[in-house]
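This report concerns only the one structure given below.
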Number of protein chains: 2
Amino acid sequence: MSILVVGSVALDTVETPAGRVTEALGGSATYFSLAASLYTRPVNLVAVVGEDFPAHGLAVLRQYQVDLRGLEISTGQTFRWIGRYGDDLNTAETIATHLNVFASFNPKLPEEYRQSEFIFLANIDPELQLRVLQSVHGARLTAMDTMNFWIATKRDAVTEVMRSVDLVLINEAELRQYAGTHNLVAAAERVLSEGPRAVVVKKGEYGCSLFARDRYFAIPAYPLARVCDPTGAGDTFAGAFMGHLAASGDLSWEGMQWAMLHGSIVASFTCESFSIHGVLNLRRDDIEKRLGELLSFTQIPPAGEKRGFSHVIQNATGA
Amino acid sequence: MSILVVGSVALDTVETPAGRVTEALGGSATYFSLAASLYTRPVNLVAVVGEDFPAHGLAVLRQYQVDLRGLEISTGQTFRWIGRYGDDLNTAETIATHLNVFASFNPKLPEEYRQSEFIFLANIDPELQLRVLQSVHGARLTAMDTMNFWIATKRDAVTEVMRSVDLVLINEAELRQYAGTHNLVAAAERVLSEGPRAVVVKKGEYGCSLFARDRYFAIPAYPLARVCDPTGAGDTFAGAFMGHLAASGDLSWEGMQWAMLHGSIVASFTCESFSIHGVLNLRRDDIEKRLGELLSFTQIPPAGEKRGFSHVIQNATGA
């Protein structure tokens, strides 16, 4: 089934304890569309780059059959982000953000994109997210992400997007910021009260959680002994998550659980290399091997299920 | 099977966003022995209190059939801790520590305790932990905990204890501190290289992980929409974990997985009330209900296992 993503395509300069890359391919829509393309094609991409955008960037997206009719090439420079991660590799320090052509991004959907069945609104101005939602028709599933800047500056618009989508994907720090509470359960309930069917919370090295009104699911992350660069992990998570849902067409709770597992696995590969290199050349075997491992790391053989219960003393205070 | 715990019995004054308690029953050995007593009895306790220790504290422990022959009542005052938690409820700020009689604690094991089959060395001076290990015989399983203070001041002795036990239970911040790396996988490997069979990492709201040389298991925490006071959560985790292992006698990988689940559940109850009140009066039904929920929050029905794999595109870059 067809997926539409609206977000950024950027050139990232990133320094981590593992090294440094300069003007490497990045941006939420880039990571998302490559990851989603592992599951379903073509991904319809809506973004803007400048005239300086390197040809190899377009070539990589084309290689994954990303539909680039929605990629506007505008007069000016491509969005650039310069960031640094310290030893904990959990949060980036932004050294500079040059929005360039992204500052006046006004998503234009080619007519062919308007019937896309899965819509992902990556982290952009929530007012633009709303405009995109108004220009699509008959989507089976709509999802959004956002970030601290929009929560701080356009909170009402963020809330309006939450009310308009099926799924909210958000990282834990931003969920806490939005809800004004440290408690993730209470924070997710706050977002659910706005109307989305589910909230997917991305917790980095701690894995991810799926909250619905009366259901909950959580898995730990695939364990990595070495993280190179976590940039894009959240967007590749979203891409594999949505890609798997679109490929399976299974929007049940169980389908969402499997999509979470795939999101986690593809994100783990992203963290092991700079820029998009962890996702490039990923083969089905690589994903299946790690998925099998993650299952063995989290799932208890069902045969044992009865054993666990029988050792609690019946009446704890009794004789 | 018999369990021995050596640790502290204390009076805690704790303030959290949910309220405040003054001189409430606390200490690692208290939490551990009450939690372990939900699974196997009696727990052999070795600790020291002052002459001012309140009779109701002894009464609570006796109600759970904790063996108090190893509880020394010494001239002076009981160990007191005064602490405060902010909104994030993850880390306590210590306002004051009055070691009192605990400062000269020298664990004396009654002869009957020396054959205990499960030994838990709660967070005390690692040199005392080593002395306890030398005075027990034929234990089936030995485990230790430690804390930042000992890692900073008696690192070699901490390492020596790690070399001498089967299991290291430790919280994530202290594991990182000990190993000198933020990466938990690398940090756990560092501890495993010292010799213990497994490392159990307690991650608070993020759950817990079990590392062995070639195996890994992790579960998220039972989700709580409201945390009252996390004091003692790690020690009740350890108590239920060891208690379940002792009750089942199953030291296999699967037995450890079930012990982790029980540890998580009992710890979740601890967080919902001040002091030991979350563990008091817990009944088998309470634990089993929450355990069933935690399983449903983390385990995917096996019937779906094959579905998840089939949607990855075979050759990600191919046509």
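FYI, nothing fancy with the structure tokens labels: chains A, B, ... in order, residues from 1 per chain, ligands from 1 as they appear.
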*Could you pull out the residues in segment 95-289 of chain A that DSSP calls strand (DSSP E or B) from the backbone, as an MDAnalysis selection string?*
chainID A and resid 95:98 118:121 141:144 167:171 198:202 208:212 216:219 283
Those residues with N, CA and C atoms, as a JSON list (two decimals), in the first residue's frame please?
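Final file, result-v5.json:
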```json
[["chain", "number", "residue", "atom", "x", "y", "z"],
["A", 95, "ILE", "N", 24.66, 22.42, 17.35],
["A", 95, "ILE", "CA", 25.65, 23.48, 17.25],
["A", 95, "ILE", "C", 25.13, 24.57, 16.31],
["A", 96, "ALA", "N", 24.50, 24.17, 15.23],
["A", 96, "ALA", "CA", 23.90, 25.15, 14.33],
["A", 96, "ALA", "C", 22.79, 24.50, 13.51],
["A", 97, "THR", "N", 21.77, 25.29, 13.23],
["A", 97, "THR", "CA", 20.70, 24.87, 12.33],
["A", 97, "THR", "C", 20.57, 25.95, 11.25],
["A", 98, "HIS", "N", 20.80, 25.58, 10.01],
["A", 98, "HIS", "CA", 20.59, 26.51, 8.90],
["A", 98, "HIS", "C", 19.40, 26.01, 8.11],
["A", 118, "PHE", "N", -1.28, 5.49, 3.62],
["A", 118, "PHE", "CA", -0.60, 5.70, 4.91],
["A", 118, "PHE", "C", 0.13, 7.04, 4.85],
["A", 119, "ILE", "N", -0.18, 7.89, 5.82],
["A", 119, "ILE", "CA", 0.37, 9.25, 5.81],
["A", 119, "ILE", "C", 1.25, 9.41, 7.06],
["A", 120, "PHE", "N", 2.50, 9.83, 6.84],
["A", 120, "PHE", "CA", 3.34, 10.15, 8.00],
["A", 120, "PHE", "C", 3.78, 11.60, 7.93],
["A", 121, "LEU", "N", 3.38, 12.34, 8.96],
["A", 121, "LEU", "CA", 3.76, 13.74, 9.09],
["A", 121, "LEU", "C", 4.98, 13.79, 9.99],
["A", 141, "LEU", "N", -4.49, 5.21, 7.43],
["A", 141, "LEU", "CA", -3.80, 5.47, 8.70],
["A", 141, "LEU", "C", -2.99, 6.76, 8.57],
["A", 142, "THR", "N", -3.19, 7.66, 9.53],
["A", 142, "THR", "CA", -2.39, 8.89, 9.56],
["A", 142, "THR", "C", -1.60, 8.92, 10.87],
["A", 143, "ALA", "N", -0.35, 9.38, 10.77],
["A", 143, "ALA", "CA", 0.51, 9.42, 11.95],
["A", 143, "ALA", "C", 1.36, 10.67, 11.93],
["A", 144, "MET", "N", 1.76, 11.14, 13.10],
["A", 144, "MET", "CA", 2.55, 12.36, 13.22],
["A", 144, "MET", "C", 3.72, 12.17, 14.17],
["A", 167, "LEU", "N", -2.38, 8.06, 14.87],
["A", 167, "LEU", "CA", -1.25, 7.67, 15.72],
["A", 167, "LEU", "C", -0.33, 8.85, 15.98],
["A", 168, "VAL", "N", 0.13, 8.97, 17.22],
["A", 168, "VAL", "CA", 1.17, 9.93, 17.56],
["A", 168, "VAL", "C", 2.44, 9.15, 17.86],
["A", 169, "LEU", "N", 3.51, 9.41, 17.11],
["A", 169, "LEU", "CA", 4.83, 8.86, 17.42],
["A", 169, "LEU", "C", 5.64, 10.00, 18.00],
["A", 170, "ILE", "N", 6.23, 9.78, 19.15],
["A", 170, "ILE", "CA", 6.90, 10.89, 19.84],
["A", 170, "ILE", "C", 7.99, 10.33, 20.74],
["A", 171, "ASN", "N", 9.07, 11.08, 20.94],
["A", 171, "ASN", "CA", 10.07, 10.56, 21.86],
["A", 171, "ASN", "C", 9.71, 10.93, 23.30],
["A", 198, "ALA", "N", -3.70, 5.70, 19.25],
["A", 198, "ALA", "CA", -2.56, 5.14, 19.98],
["A", 198, "ALA", "C", -1.41, 6.13, 19.99],
["A", 199, "VAL", "N", -0.54, 5.95, 20.97],
["A", 199, "VAL", "CA", 0.68, 6.76, 21.10],
["A", 199, "VAL", "C", 1.86, 5.80, 21.13],
["A", 200, "VAL", "N", 2.81, 6.02, 20.24],
["A", 200, "VAL", "CA", 4.04, 5.23, 20.24],
["A", 200, "VAL", "C", 5.14, 6.10, 20.84],
["A", 201, "VAL", "N", 5.72, 5.65, 21.95],
["A", 201, "VAL", "CA", 6.75, 6.43, 22.62],
["A", 201, "VAL", "C", 8.11, 5.81, 22.34],
["A", 202, "LYS", "N", 8.99, 6.62, 21.77],
["A", 202, "LYS", "CA", 10.34, 6.17, 21.43],
["A", 202, "LYS", "C", 11.26, 6.54, 22.59],
["A", 208, "CYS", "N", 10.75, 0.97, 23.24],
["A", 208, "CYS", "CA", 9.57, 1.74, 22.84],
["A", 208, "CYS", "C", 8.31, 1.16, 23.46],
["A", 209, "SER", "N", 7.33, 2.01, 23.61],
["A", 209, "SER", "CA", 6.05, 1.61, 24.23],
["A", 209, "SER", "C", 4.91, 2.04, 23.34],
["A", 210, "LEU", "N", 3.86, 1.25, 23.37],
["A", 210, "LEU", "CA", 2.66, 1.53, 22.59],
["A", 210, "LEU", "C", 1.49, 1.65, 23.56],
["A", 211, "PHE", "N", 0.89, 2.83, 23.59],
["A", 211, "PHE", "CA", -0.23, 3.07, 24.49],
["A", 211, "PHE", "C", -1.51, 3.24, 23.68],
["A", 212, "ALA", "N", -2.56, 2.52, 24.05],
["A", 212, "ALA", "CA", -3.89, 2.80, 23.52],
["A", 212, "ALA", "C", -4.79, 3.01, 24.74],
["A", 216, "TYR", "N", -1.63, -1.79, 26.37],
["A", 216, "TYR", "CA", -0.26, -1.33, 26.50],
["A", 216, "TYR", "C", 0.67, -2.42, 26.00],
["A", 217, "PHE", "N", 1.74, -2.02, 25.34],
["A", 217, "PHE", "CA", 2.76, -2.96, 24.89],
["A", 217, "PHE", "C", 4.10, -2.25, 24.96],
["A", 218, "ALA", "N", 5.13, -2.95, 25.36],
["A", 218, "ALA", "CA", 6.45, -2.32, 25.41],
["A", 218, "ALA", "C", 7.51, -3.37, 25.11],
["A", 219, "ILE", "N", 8.54, -2.96, 24.42],
["A", 219, "ILE", "CA", 9.68, -3.83, 24.20],
["A", 219, "ILE", "C", 10.97, -3.05, 24.46],
["A", 283, "ARG", "N", 19.54, -6.15, 4.15],
["A", 283, "ARG", "CA", 18.82, -7.21, 3.44],
["A", 283, "ARG", "C", 17.81, -7.85, 4.38]]
```
Which residues are near Gly195 of chain A? Cut-off 10 Å, only C-alpha atoms, ignore same chain within fewer than 5 positions. Put them as a compact mmCIF listing (two decimals) with C-alpha atoms, in the first residue's frame.
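The resulting file, around_26.txt, is reproduced below:
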```txt
# COMPACT_ATOMS: atom_id res chain seq x y z
CA THR A 159 -2.67 19.56 19.84
CA GLU A 160 -4.81 20.12 16.75
CA VAL A 161 -2.64 17.68 14.78
CA MET A 162 -2.89 15.13 17.61
CA ARG A 163 -6.67 15.43 17.39
CA SER A 164 -6.58 14.85 13.65
CA VAL A 165 -4.37 11.75 13.33
CA ASP A 166 -4.71 8.08 14.20
CA LEU A 167 -1.25 7.67 15.72
CA VAL A 168 1.17 9.93 17.56
CA ARG A 190 -2.91 12.99 28.32
CA ARG A 213 -6.89 3.66 25.65
```
Please tabulate, as CSV, the residues of chain A that come within 6 Å of chain B, each with its closest pair of atoms and the distance in Å to one decimal, counting only C-alpha atoms and ordering rows by chain, then residue number upward.
```
residue,atom,partner,partner_atom,distance
A:Leu38,CA,B:Ile313,CA,5.5
A:Tyr39,CA,B:Val312,CA,4.8
A:Tyr64,CA,B:Thr317,CA,5.8
A:Asp88,CA,B:His182,CA,5.4
A:His182,CA,B:Asp88,CA,5.5
A:Val185,CA,B:Ala225,CA,4.9
A:Ala186,CA,B:Ala225,CA,5.1
A:Tyr216,CA,B:Phe297,CA,5.5
A:Phe217,CA,B:Phe297,CA,4.3
A:Ala218,CA,B:Thr298,CA,5.6
A:Ala225,CA,B:Val185,CA,4.9
A:Ala247,CA,B:His311,CA,5.8
A:Trp258,CA,B:Gly308,CA,5.5
A:Arg283,CA,B:Asn315,CA,5.5
A:Arg284,CA,B:Gln314,CA,5.1
A:Phe297,CA,B:Phe217,CA,4.3
A:Thr298,CA,B:Ala218,CA,5.6
A:Gln299,CA,B:Gln299,CA,5.7
A:Gly308,CA,B:Trp258,CA,5.5
A:His311,CA,B:Ala247,CA,5.8
A:Val312,CA,B:Tyr39,CA,4.8
A:Ile313,CA,B:Tyr39,CA,5.4
A:Gln314,CA,B:Arg284,CA,5.2
A:Asn315,CA,B:Arg283,CA,5.5
A:Ala316,CA,B:Arg283,CA,5.5
A:Thr317,CA,B:Tyr64,CA,5.9
```
*What are the DSSP alpha helix (DSSP H) residues of segment 34-233 of chain A, as a ChimeraX atom specification?*
/A:34-36,55-63,126-134,148-153,155-164,172-179,184-192,233
_So the first atom is atom CA of Asp156 of chain B and the second is atom CA of Ala233 of chain B; what is the distance between them in Å, to one decimal place?_
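Atom CA of Ala233 of chain B lies at a distance of 27.0 Å from atom CA of Asp156 of chain B.
Between atom CA of Val66 of chain B and atom CA of Gly26 of chain B the separation is 14.9 Å.
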_Between atom CA of Glu117 of chain B and atom CA of Arg69 of chain B - distance in Å to one decimal_ =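 Distance reported for this atom pair: 17.2 Å.
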*Counting only C-alpha atoms, which of B:Gln115, B:Ser2, B:Thr270, B:Thr91 gets nearest to Asp67 of chain B?*
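For Asp67 of chain B, the nearest of the candidates is B:Ser2.
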*asked:* I'd like the contact shell of segment 7-13 of chain B - 8 Å cut-off, only C-alpha atoms, skipping same-chain residues fewer than 3 positions apart - returned as a ChimeraX atom specification.
replied: /B:20-30,46-49,78-83,102,121-124,275
Residues just named, written with N, CA and C atoms as a PDB file, in the first residue's frame:
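Heads up, here's the output in again_6.pdb:
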```pdb
ATOM      1  N   ARG B  20       5.164  12.779  52.441  1.00  0.00           N
ATOM      2  CA  ARG B  20       6.348  12.666  53.286  1.00  0.00           C
ATOM      3  C   ARG B  20       6.099  11.642  54.378  1.00  0.00           C
ATOM      4  N   VAL B  21       7.113  10.843  54.687  1.00  0.00           N
ATOM      5  CA  VAL B  21       7.049   9.970  55.865  1.00  0.00           C
ATOM      6  C   VAL B  21       8.258  10.249  56.742  1.00  0.00           C
ATOM      7  N   THR B  22       8.084  10.060  58.028  1.00  0.00           N
ATOM      8  CA  THR B  22       9.145  10.342  58.982  1.00  0.00           C
ATOM      9  C   THR B  22       9.529   9.067  59.731  1.00  0.00           C
ATOM     10  N   GLU B  23      10.827   8.757  59.716  1.00  0.00           N
ATOM     11  CA  GLU B  23      11.346   7.591  60.437  1.00  0.00           C
ATOM     12  C   GLU B  23      10.510   6.335  60.179  1.00  0.00           C
ATOM     13  N   ALA B  24      10.287   6.090  58.910  1.00  0.00           N
ATOM     14  CA  ALA B  24       9.544   4.890  58.510  1.00  0.00           C
ATOM     15  C   ALA B  24      10.523   3.735  58.332  1.00  0.00           C
ATOM     16  N   LEU B  25      10.000   2.532  58.462  1.00  0.00           N
ATOM     17  CA  LEU B  25      10.840   1.343  58.340  1.00  0.00           C
ATOM     18  C   LEU B  25      11.440   1.279  56.938  1.00  0.00           C
ATOM     19  N   GLY B  26      12.762   1.089  56.881  1.00  0.00           N
ATOM     20  CA  GLY B  26      13.454   1.006  55.602  1.00  0.00           C
ATOM     21  C   GLY B  26      14.734   0.205  55.736  1.00  0.00           C
ATOM     22  N   GLY B  27      15.624   0.373  54.760  1.00  0.00           N
ATOM     23  CA  GLY B  27      16.887  -0.361  54.754  1.00  0.00           C
ATOM     24  C   GLY B  27      16.824  -1.534  53.781  1.00  0.00           C
ATOM     25  N   SER B  28      17.956  -1.813  53.155  1.00  0.00           N
ATOM     26  CA  SER B  28      17.988  -2.838  52.108  1.00  0.00           C
ATOM     27  C   SER B  28      17.555  -4.209  52.610  1.00  0.00           C
ATOM     28  N   ALA B  29      18.003  -4.587  53.803  1.00  0.00           N
ATOM     29  CA  ALA B  29      17.679  -5.931  54.307  1.00  0.00           C
ATOM     30  C   ALA B  29      16.208  -6.040  54.671  1.00  0.00           C
ATOM     31  N   THR B  30      15.612  -4.939  55.088  1.00  0.00           N
ATOM     32  CA  THR B  30      14.187  -4.929  55.410  1.00  0.00           C
ATOM     33  C   THR B  30      13.352  -5.193  54.156  1.00  0.00           C
ATOM     34  N   VAL B  46      20.623 -10.749  58.581  1.00  0.00           N
ATOM     35  CA  VAL B  46      21.773 -10.284  59.356  1.00  0.00           C
ATOM     36  C   VAL B  46      21.871  -8.781  59.170  1.00  0.00           C
ATOM     37  N   ALA B  47      21.717  -8.057  60.281  1.00  0.00           N
ATOM     38  CA  ALA B  47      21.764  -6.596  60.230  1.00  0.00           C
ATOM     39  C   ALA B  47      21.966  -6.100  61.660  1.00  0.00           C
ATOM     40  N   VAL B  48      22.022  -4.786  61.797  1.00  0.00           N
ATOM     41  CA  VAL B  48      22.163  -4.210  63.137  1.00  0.00           C
ATOM     42  C   VAL B  48      21.207  -3.036  63.277  1.00  0.00           C
ATOM     43  N   VAL B  49      20.570  -2.941  64.430  1.00  0.00           N
ATOM     44  CA  VAL B  49      19.780  -1.746  64.754  1.00  0.00           C
ATOM     45  C   VAL B  49      20.214  -1.224  66.125  1.00  0.00           C
ATOM     46  N   THR B  78      19.708   3.687  65.716  1.00  0.00           N
ATOM     47  CA  THR B  78      19.527   2.999  64.436  1.00  0.00           C
ATOM     48  C   THR B  78      19.950   3.912  63.276  1.00  0.00           C
ATOM     49  N   PHE B  79      20.452   3.293  62.218  1.00  0.00           N
ATOM     50  CA  PHE B  79      20.784   3.974  60.958  1.00  0.00           C
ATOM     51  C   PHE B  79      19.567   4.780  60.471  1.00  0.00           C
ATOM     52  N   ARG B  80      19.822   6.043  60.148  1.00  0.00           N
ATOM     53  CA  ARG B  80      18.744   6.889  59.617  1.00  0.00           C
ATOM     54  C   ARG B  80      19.150   7.500  58.288  1.00  0.00           C
ATOM     55  N   TRP B  81      18.216   7.534  57.370  1.00  0.00           N
ATOM     56  CA  TRP B  81      18.449   8.180  56.069  1.00  0.00           C
ATOM     57  C   TRP B  81      17.343   9.193  55.833  1.00  0.00           C
ATOM     58  N   ILE B  82      17.757  10.371  55.395  1.00  0.00           N
ATOM     59  CA  ILE B  82      16.787  11.424  55.065  1.00  0.00           C
ATOM     60  C   ILE B  82      16.987  11.782  53.595  1.00  0.00           C
ATOM     61  N   GLY B  83      15.956  11.636  52.815  1.00  0.00           N
ATOM     62  CA  GLY B  83      16.099  11.866  51.373  1.00  0.00           C
ATOM     63  C   GLY B  83      14.876  12.495  50.766  1.00  0.00           C
ATOM     64  N   PHE B 102      25.227   1.454  62.418  1.00  0.00           N
ATOM     65  CA  PHE B 102      25.590   0.798  61.161  1.00  0.00           C
ATOM     66  C   PHE B 102      27.053   1.093  60.788  1.00  0.00           C
ATOM     67  N   LEU B 121      23.984 -10.465  49.356  1.00  0.00           N
ATOM     68  CA  LEU B 121      24.800  -9.434  49.996  1.00  0.00           C
ATOM     69  C   LEU B 121      24.263  -8.094  49.525  1.00  0.00           C
ATOM     70  N   ALA B 122      23.394  -7.498  50.327  1.00  0.00           N
ATOM     71  CA  ALA B 122      22.846  -6.192  49.952  1.00  0.00           C
ATOM     72  C   ALA B 122      23.967  -5.166  50.047  1.00  0.00           C
ATOM     73  N   ASN B 123      23.618  -3.950  49.701  1.00  0.00           N
ATOM     74  CA  ASN B 123      24.592  -2.873  49.617  1.00  0.00           C
ATOM     75  C   ASN B 123      25.207  -2.514  50.970  1.00  0.00           C
ATOM     76  N   ILE B 124      26.343  -3.147  51.280  1.00  0.00           N
ATOM     77  CA  ILE B 124      27.140  -2.768  52.463  1.00  0.00           C
ATOM     78  C   ILE B 124      28.604  -2.719  52.030  1.00  0.00           C
ATOM     79  N   SER B 275       7.529   3.781  52.166  1.00  0.00           N
ATOM     80  CA  SER B 275       8.167   2.770  53.016  1.00  0.00           C
ATOM     81  C   SER B 275       7.814   1.369  52.521  1.00  0.00           C
TER      82      SER B 275
END
```
